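Trainee: Supplied in structure tokens, the structure appears directly below.
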Amino acid sequence: MDLTYIPEDLSSYTKFGNKSCPPTNCVFHVRVLMYSIRTGAMVITILGNLVIMMSILHFKQLHSPTNFLILSMATMEFLLGFVIMPYSMVLSVESCWYFGDGFCKFHASFDMILRLTSIFHLCSIAVDRFYTVCYHLHYATTMTASMIKRLLAFGWSVPALFSFDLVLSEANVAGMQSYEILVAWFNFCALTFNKVWGMILFTTCFFIPGSIMVGIYNKIFIVSKQHAQVMSSMPENMKGEVKKNLSKKKDRKAAKTLGIVIGVFLTCWLPCFLAVLIDPYLDYSISITVLDLLVWLGYFNSTCNPLIHDFFYL
């Protein structure tokens, strides 16, 4: 994160209270373009997830365990677009945090909560699809309303406790003297991790959930092929009842769409989590600009999800 270079001459920086902001080198039309692109992503994230929330709440035929998981994830992504992305946009374009140290900690904590909650929801939806396709006859007794409520309570409370405790205790930046200098002298606000917490986050928040989702999708793909082979070998007069017992058409469609969801998730979040893992070992030499672009690539996952769900799930 370029924490190794701290300028000795601070006279060229514009003062904001007891701290300073580095002068931006971006020309005006580039800044306008940066604001436009990020605003477009933010608007799509907010409106797309708002449509999903209203649709599931309004139409009773959409009141299913899967859709309640999607409703919760849409609520999380709506909050990301409405609460997190506007301030991150200003920070990205202006290269300065104007909103105070206290709000910086809240912003960083809430940002982390929503990222981890998003990953948990994707895992939960993958598990739901797994039971739908692989254990179709037991789905109704396994993925009940009470089970979904427990999953959602766990998926929101654990990331909240973990994120607030980590950020407020500053354990994630323990031993990083250059980070402390940046915070003391400049209006700097970014989620930064030392070697220990970078490894923990990559392993527990990306590698393990990502491996679970890929494994589940692989199992669903194999079972779906087996179902198709069984169907093709059955006499025509028996296919109707067997087809009903094996899977529903919309469930097979949703299971196939899971591959798209997982592919978008890996594409958007793998670069960001890799940077979190390797940046401490590179003495934080990855530029803030690159890290910021990777964070917004992760945000873009929340922009894509409502479009995927609108077209394939609902």
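A note on labels: chains of the structure tokens are A, B, ... as shown, every chain counts residues from 1, and ligands are counted from 1 in their shown order.
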Neighbours of region 75-84 of chain A within 9 Å (only C-alpha atoms; same-chain residues fewer than 2 positions away dropped), as number ranges by chain?
Mentor: A: 41-50, 52-53, 70-73, 86-89, 107-108, 110-111, 114-115, 117-118, 299, 302-303, 305-306
Trainee: Go ahead and save the residues from that selection, with N, CA, C and O atoms, as a short mmCIF file (atom, residue, chain, number, x, y, z; two decimals), in the first residue's frame.
Mentor:
data_model
loop_
_atom_site.label_atom_id
_atom_site.label_comp_id
_atom_site.auth_asym_id
_atom_site.auth_seq_id
_atom_site.Cartn_x
_atom_site.Cartn_y
_atom_site.Cartn_z
N ALA A 41 -22.14 2.50 -10.91
CA ALA A 41 -22.14 1.22 -10.18
C ALA A 41 -22.96 1.31 -8.91
O ALA A 41 -23.69 0.38 -8.55
N MET A 42 -22.86 2.45 -8.22
CA MET A 42 -23.59 2.64 -6.97
C MET A 42 -25.10 2.66 -7.22
O MET A 42 -25.87 2.03 -6.49
N VAL A 43 -25.54 3.36 -8.26
CA VAL A 43 -26.98 3.46 -8.56
C VAL A 43 -27.53 2.10 -8.95
O VAL A 43 -28.62 1.70 -8.50
N ILE A 44 -26.80 1.35 -9.78
CA ILE A 44 -27.26 0.01 -10.17
C ILE A 44 -27.35 -0.89 -8.95
O ILE A 44 -28.30 -1.67 -8.79
N THR A 45 -26.37 -0.80 -8.05
CA THR A 45 -26.37 -1.62 -6.84
C THR A 45 -27.58 -1.30 -5.97
O THR A 45 -28.28 -2.21 -5.49
N ILE A 46 -27.85 -0.02 -5.78
CA ILE A 46 -28.97 0.38 -4.92
C ILE A 46 -30.31 0.02 -5.54
O ILE A 46 -31.14 -0.65 -4.91
N LEU A 47 -30.54 0.43 -6.79
CA LEU A 47 -31.84 0.21 -7.41
C LEU A 47 -32.08 -1.27 -7.71
O LEU A 47 -33.19 -1.78 -7.53
N GLY A 48 -31.03 -1.97 -8.18
CA GLY A 48 -31.20 -3.39 -8.49
C GLY A 48 -31.59 -4.20 -7.28
O GLY A 48 -32.51 -5.04 -7.34
N ASN A 49 -30.92 -3.96 -6.17
CA ASN A 49 -31.25 -4.71 -4.95
C ASN A 49 -32.56 -4.25 -4.34
O ASN A 49 -33.26 -5.05 -3.71
N LEU A 50 -32.91 -2.98 -4.53
CA LEU A 50 -34.20 -2.50 -4.03
C LEU A 50 -35.34 -3.18 -4.77
O LEU A 50 -36.36 -3.54 -4.16
N ILE A 52 -35.29 -6.20 -6.07
CA ILE A 52 -35.36 -7.57 -5.55
C ILE A 52 -36.06 -7.59 -4.19
O ILE A 52 -36.93 -8.43 -3.93
N MET A 53 -35.69 -6.68 -3.30
CA MET A 53 -36.31 -6.62 -1.97
C MET A 53 -37.82 -6.41 -2.08
O MET A 53 -38.61 -7.11 -1.42
N ILE A 70 -32.00 -14.74 -0.58
CA ILE A 70 -31.71 -13.70 -1.57
C ILE A 70 -32.17 -12.34 -1.07
O ILE A 70 -31.50 -11.32 -1.29
N LEU A 71 -33.32 -12.29 -0.37
CA LEU A 71 -33.81 -11.04 0.20
C LEU A 71 -32.81 -10.47 1.20
O LEU A 71 -32.51 -9.27 1.19
N SER A 72 -32.28 -11.32 2.05
CA SER A 72 -31.30 -10.87 3.04
C SER A 72 -30.03 -10.38 2.36
O SER A 72 -29.46 -9.34 2.74
N MET A 73 -29.58 -11.10 1.32
CA MET A 73 -28.38 -10.67 0.62
C MET A 73 -28.63 -9.37 -0.14
O MET A 73 -27.75 -8.49 -0.19
N PRO A 86 -20.82 5.52 -1.35
CA PRO A 86 -20.66 6.97 -1.56
C PRO A 86 -19.39 7.53 -0.93
O PRO A 86 -18.67 8.32 -1.56
N TYR A 87 -19.10 7.14 0.31
CA TYR A 87 -17.90 7.64 0.98
C TYR A 87 -16.64 7.04 0.38
O TYR A 87 -15.61 7.71 0.28
N SER A 88 -16.71 5.76 -0.02
CA SER A 88 -15.56 5.14 -0.68
C SER A 88 -15.28 5.82 -2.02
O SER A 88 -14.12 5.93 -2.44
N MET A 89 -16.33 6.27 -2.68
CA MET A 89 -16.16 6.96 -3.96
C MET A 89 -15.38 8.26 -3.78
O MET A 89 -14.44 8.55 -4.53
N HIS A 107 -17.04 3.26 9.17
CA HIS A 107 -17.09 2.94 7.75
C HIS A 107 -16.30 1.66 7.45
O HIS A 107 -16.78 0.77 6.74
N ALA A 108 -15.09 1.57 8.01
CA ALA A 108 -14.25 0.39 7.77
C ALA A 108 -14.89 -0.87 8.37
O ALA A 108 -14.90 -1.93 7.74
N PHE A 110 -18.17 -1.39 9.09
CA PHE A 110 -19.41 -1.74 8.40
C PHE A 110 -19.11 -2.29 7.01
O PHE A 110 -19.79 -3.21 6.53
N ASP A 111 -18.10 -1.74 6.36
CA ASP A 111 -17.67 -2.25 5.06
C ASP A 111 -17.26 -3.71 5.19
O ASP A 111 -17.67 -4.57 4.39
N LEU A 114 -20.29 -6.08 5.79
CA LEU A 114 -21.09 -6.36 4.59
C LEU A 114 -20.35 -7.27 3.62
O LEU A 114 -20.96 -8.12 2.98
N ARG A 115 -19.03 -7.13 3.52
CA ARG A 115 -18.27 -8.03 2.65
C ARG A 115 -18.36 -9.47 3.16
O ARG A 115 -18.61 -10.40 2.39
N THR A 117 -20.58 -10.75 5.24
CA THR A 117 -21.97 -11.20 5.18
C THR A 117 -22.34 -11.64 3.77
O THR A 117 -23.05 -12.62 3.57
N SER A 118 -21.84 -10.90 2.77
CA SER A 118 -22.11 -11.26 1.37
C SER A 118 -21.55 -12.65 1.06
O SER A 118 -22.23 -13.48 0.44
N TYR A 299 -16.65 -4.59 -4.83
CA TYR A 299 -17.96 -3.95 -4.77
C TYR A 299 -18.80 -4.31 -6.00
O TYR A 299 -20.03 -4.44 -5.92
N SER A 302 -21.45 -6.93 -5.91
CA SER A 302 -22.78 -6.56 -5.42
C SER A 302 -23.59 -5.84 -6.47
O SER A 302 -24.82 -5.78 -6.38
N THR A 303 -22.93 -5.28 -7.48
CA THR A 303 -23.63 -4.68 -8.61
C THR A 303 -24.15 -5.75 -9.56
O THR A 303 -25.24 -5.62 -10.11
N ASN A 305 -24.78 -9.07 -8.75
CA ASN A 305 -25.69 -10.05 -8.15
C ASN A 305 -27.16 -9.77 -8.39
O ASN A 305 -27.92 -10.70 -8.73
N PRO A 306 -27.67 -8.53 -8.22
CA PRO A 306 -29.10 -8.31 -8.48
C PRO A 306 -29.47 -8.56 -9.94
O PRO A 306 -30.58 -9.02 -10.22
#
Trainee: Mind checking DSSP for region 33-197 of chain A and telling me the alpha helix (DSSP H) residues as a count of residues only?
Mentor: 126
Trainee: For Pro159 (chain A), please output as a list in words all residues within 8 Å (counting only C-alpha atoms; exclusion window: fewer than 3 positions along the same chain).
Mentor: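 Neighbouring residues, sequence-local ones excluded: Met112, Ile113, Leu114, Leu116, Thr117, Gly155, Trp156, Phe162 and Ser163 of chain A.
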